Amino acid sequence: MSEKIVTRFAPSPTGYMHIGGARTALFAWFFARQKHGTFILRIEDTDKEREVEGSITHIIESLKWLGIEWDEGPDIGGPNTPYLQSQRLDSYKKYANILLEKGLAYTDPYTEEELTAFRSKADEDKKPFLYRNNRPENPPLWDGTKPLRLKIKDIKVSKWHDEVRGNLEAGPEALDDFVLIKSDGYPTYNFAHIIDDLEMGVTHIFRADEFISSTPKFLALYEALEIKAPKLVTLPPIMGPDGKKKLGKRDGAKDLLDYKKEGILPEAMLNFLAFIGWNPGGEKELYSKEELFNTFNIGNIQKSGGKFNEEKLLWYNKEYISKLPEEVFLKELSLLLPEKDKKILLALAPLIKERIYKLSEIKVMVEAGEFDFFFNTPTLEINKLICPEHLRKGASIELFHIKTHLEKITLLLDEVTDWTNESIKNAVWDYASKEGRGIVLWALRYTLSGKEKSPDPFTIAALIGKTETLKRLTYASHII
Ligand code: GLU
């Protein structure tokens with residue numbers, strides 16, 4: 001039987017969830033799902049100074065919004081509970097003692113002053129400062145009040161394989177006696193994640209590239225504990241829109257839930273994130289969650305940075321908005337325009353769908369009064385009844401021509417019995433074609449909407465009803 005795949009997402013609760021974290025979580029999850037493995041959510045809360053209150057809840061909420069599902073985690077438990085590092089201190093202590101027994105860990109006895117002196121000495125010698133050059137001869141017994149350091153046994157060139165980056169290596173200077181457990185009793189990230197990955201059976205570590213430089217230290221610890229290292233899958237950095245700098249706060253590295261507030265759909269965000277630094281090849285860009293589970297592979301993760309392009313996100317969002325059922329728009333509109341005729345609101349859905357990139361734009365449109373003419377007779381500026389395009393082209397058209405057209409249309413529409421988009425169009429089409437559709441239909445549309453841009457006149461007329469349509473036409477002819 002092949003090995004059971006276990007991946008994890010291990011955020012630190014030091015703030016909100018951003019694009020980079022979400023992308024890491026997504027890839028680890030895709031891989032676990034595809035391999036019918038396990039995906040774990042683990043919270044790395046051992047840096048108490050950097051911890052931000054509320055961020056665990058926030059991270060969980062963000063992941064849930066995206067639709068990511070974990071098999072084990074702090075909120076749902078699992079066979080490796082607890083999933084909060086701050087509650088796993090006994091495990092770290094156990095492995096710290098194993099290392100102490102092996103003579104591979106020692107108490108760091110130094111005071112700040114002593115360390116400063118070591119540093120100045122290294123500076124004078126024009127050498128980098130390394131703890132391993134200053135190991136205490138007789139370190140005191142470890143009682144938990146002083147830092148515990150790993151004693152690197154083998155100072156050598158480190159070589160390892162990364163599933164994305166290929167074969168990597170680093171010189172001996174990358175190895176130093178790093179802290180395993182701090183004087184506050186909490187482990188460092190470097191130590192804790194290795195113990196947790198071991199105890200939780202993690203087979204593949206998906207993480208950002210900032211951890212490459214520390215990998216020699218991790219390898220030294222795997223060696224010291226005589227354990228097999230999980231496979232390392234380093235994700236490419238996410239670059240800003242110019243492709244040159246890593247994504248910063250100003251160009252999009254914001255809180256994931258801000259996108260939710262702005263009306264980005266989780267399906268769109270998921271699809272968009274999947275394509276930052278990964279591409280299955282081919283033309284297809286719209287992938288459902290299930291399709292991503294099936295298609296995702298480590299081999300297609302790129303080495304170089306993936307660009308964060310907000311326009312692309314909006315493109316995805318528009319695609320997913322166009323698939324939404326009309327009831328979603330009705331719900332949004334009913335909240336914004338609670339008193340209005342539901343039939344009209346529902347009919348507005350396709351018109352809105354066509355225009356928006358984010359759901360939040362519905363509110364903007366409502367507040368800008370874009371739909372007012374569906375409910376109230378608009379005020380008209382007489383001159384705008386003449387199509388500006390035709391005027392620009394130098395057509396000799398006068399307002400009294402428009403008045404004649406509107407009067408004729410009034411008569412034609414008065415005859416219509418089944419008041420539908422189609423029959424309204426049929427009733428005026430021949431006349432408009434004979435007299436010039438541009439001129440006639442513009443006048444009709446402007447009469448009904450009072451706007452230079454709006455849906456076509458048949459749609460508006462059908463929605464506002466026959467009586468209101470005839471009323472608006474009569475009013476326009478009257479004021480000319
Ligand atoms: N706690 C680390 C972070 O938030 C996770 C790194 C890892 O996945 O091992 O950056």
# chains A, B, ... in the order shown; residues from 1 in each chain; ligands from 1
$ residues_near_ligand --ligand "ligand 1" --cutoff "6 Å" --atoms "only C-alpha atoms and all ligand atoms" --output "PyMOL selection string"
chain A and resi 9-12+44+207
$ write_last_selection --atoms "N, CA, C and O atoms" --output "compact mmCIF listing (two decimals), in the first residue's frame"
# COMPACT_ATOMS: atom_id res chain seq x y z
N PHE A 9 -1.76 23.07 6.96
CA PHE A 9 -1.59 24.52 6.86
C PHE A 9 -1.37 24.97 8.29
O PHE A 9 -2.14 24.60 9.18
N ALA A 10 -0.29 25.73 8.49
CA ALA A 10 0.12 26.03 9.87
C ALA A 10 0.32 27.53 10.10
O ALA A 10 1.44 27.98 10.31
N PRO A 11 -0.74 28.30 10.03
CA PRO A 11 -0.57 29.75 10.19
C PRO A 11 -0.24 30.15 11.63
O PRO A 11 -0.61 29.47 12.57
N SER A 12 0.45 31.28 11.75
CA SER A 12 0.67 31.87 13.06
C SER A 12 -0.40 32.93 13.25
O SER A 12 -0.69 33.68 12.32
N GLU A 44 0.06 27.88 14.88
CA GLU A 44 1.40 27.99 15.46
C GLU A 44 1.48 29.25 16.33
O GLU A 44 1.95 30.30 15.89
N ARG A 207 4.95 25.30 1.81
CA ARG A 207 5.13 26.59 2.48
C ARG A 207 5.85 27.59 1.60
O ARG A 207 6.36 27.26 0.53
$ residues_around --residues "Arg135 of chain A" --least-positions-apart "6" --cutoff "10 Å" --atoms "only C-alpha atoms" --output "list in words"
Tyr106, Thr107, Asp108, Pro109, Tyr110, Arg149, Lys151 and Asp177 of chain A
$ residues_around --residues "Tyr475 of chain A" --least-positions-apart "4" --cutoff "10 Å" --atoms "only C-alpha atoms" --output "ChimeraX atom specification"
/A:377,379-380,406,447,469-471,479-480
$ write_last_selection --atoms "N, CA, C and O atoms" --output "compact mmCIF listing (two decimals), in the first residue's frame"
# COMPACT_ATOMS: atom_id res chain seq x y z
N THR A 377 -41.19 58.24 -12.56
CA THR A 377 -41.09 58.92 -13.86
C THR A 377 -39.86 59.82 -13.83
O THR A 377 -39.72 60.65 -12.92
N THR A 379 -37.16 62.86 -14.82
CA THR A 379 -37.25 64.20 -15.41
C THR A 379 -36.39 64.18 -16.67
O THR A 379 -35.36 63.52 -16.73
N LEU A 380 -36.83 64.92 -17.66
CA LEU A 380 -36.13 64.87 -18.95
C LEU A 380 -35.52 66.22 -19.30
O LEU A 380 -36.07 67.27 -18.92
N LEU A 406 -42.61 60.39 -31.26
CA LEU A 406 -43.13 59.93 -29.97
C LEU A 406 -44.65 59.79 -30.01
O LEU A 406 -45.22 58.86 -29.43
N THR A 447 -36.88 58.81 -23.30
CA THR A 447 -38.17 59.18 -22.71
C THR A 447 -38.49 58.29 -21.51
O THR A 447 -38.97 58.76 -20.48
N THR A 469 -45.72 53.49 -19.36
CA THR A 469 -45.02 53.76 -20.62
C THR A 469 -45.76 54.85 -21.40
O THR A 469 -45.17 55.85 -21.85
N LEU A 470 -47.06 54.67 -21.53
CA LEU A 470 -47.84 55.66 -22.30
C LEU A 470 -47.83 57.02 -21.61
O LEU A 470 -47.73 58.06 -22.25
N LYS A 471 -47.82 56.96 -20.29
CA LYS A 471 -47.79 58.22 -19.52
C LYS A 471 -46.48 58.98 -19.79
O LYS A 471 -46.49 60.19 -20.05
N ILE A 479 -43.97 68.13 -23.44
CA ILE A 479 -43.00 69.18 -23.06
C ILE A 479 -42.18 69.69 -24.24
O ILE A 479 -41.47 70.69 -24.12
N ILE A 480 -42.22 68.98 -25.34
CA ILE A 480 -41.41 69.46 -26.50
C ILE A 480 -42.07 70.73 -27.09
O ILE A 480 -43.24 70.73 -27.36
$ residues_around --residues "Ser2 of chain A" --least-positions-apart "6" --cutoff "12 Å" --atoms "only C-alpha atoms" --output "ChimeraX atom specification"
/A:35-37
$ residues_around --residues "Leu235 of chain A" --least-positions-apart "3" --cutoff "7 Å" --atoms "only C-alpha atoms" --output "list in words"
Phe206, Arg207, Ala208 and Asp209 of chain A
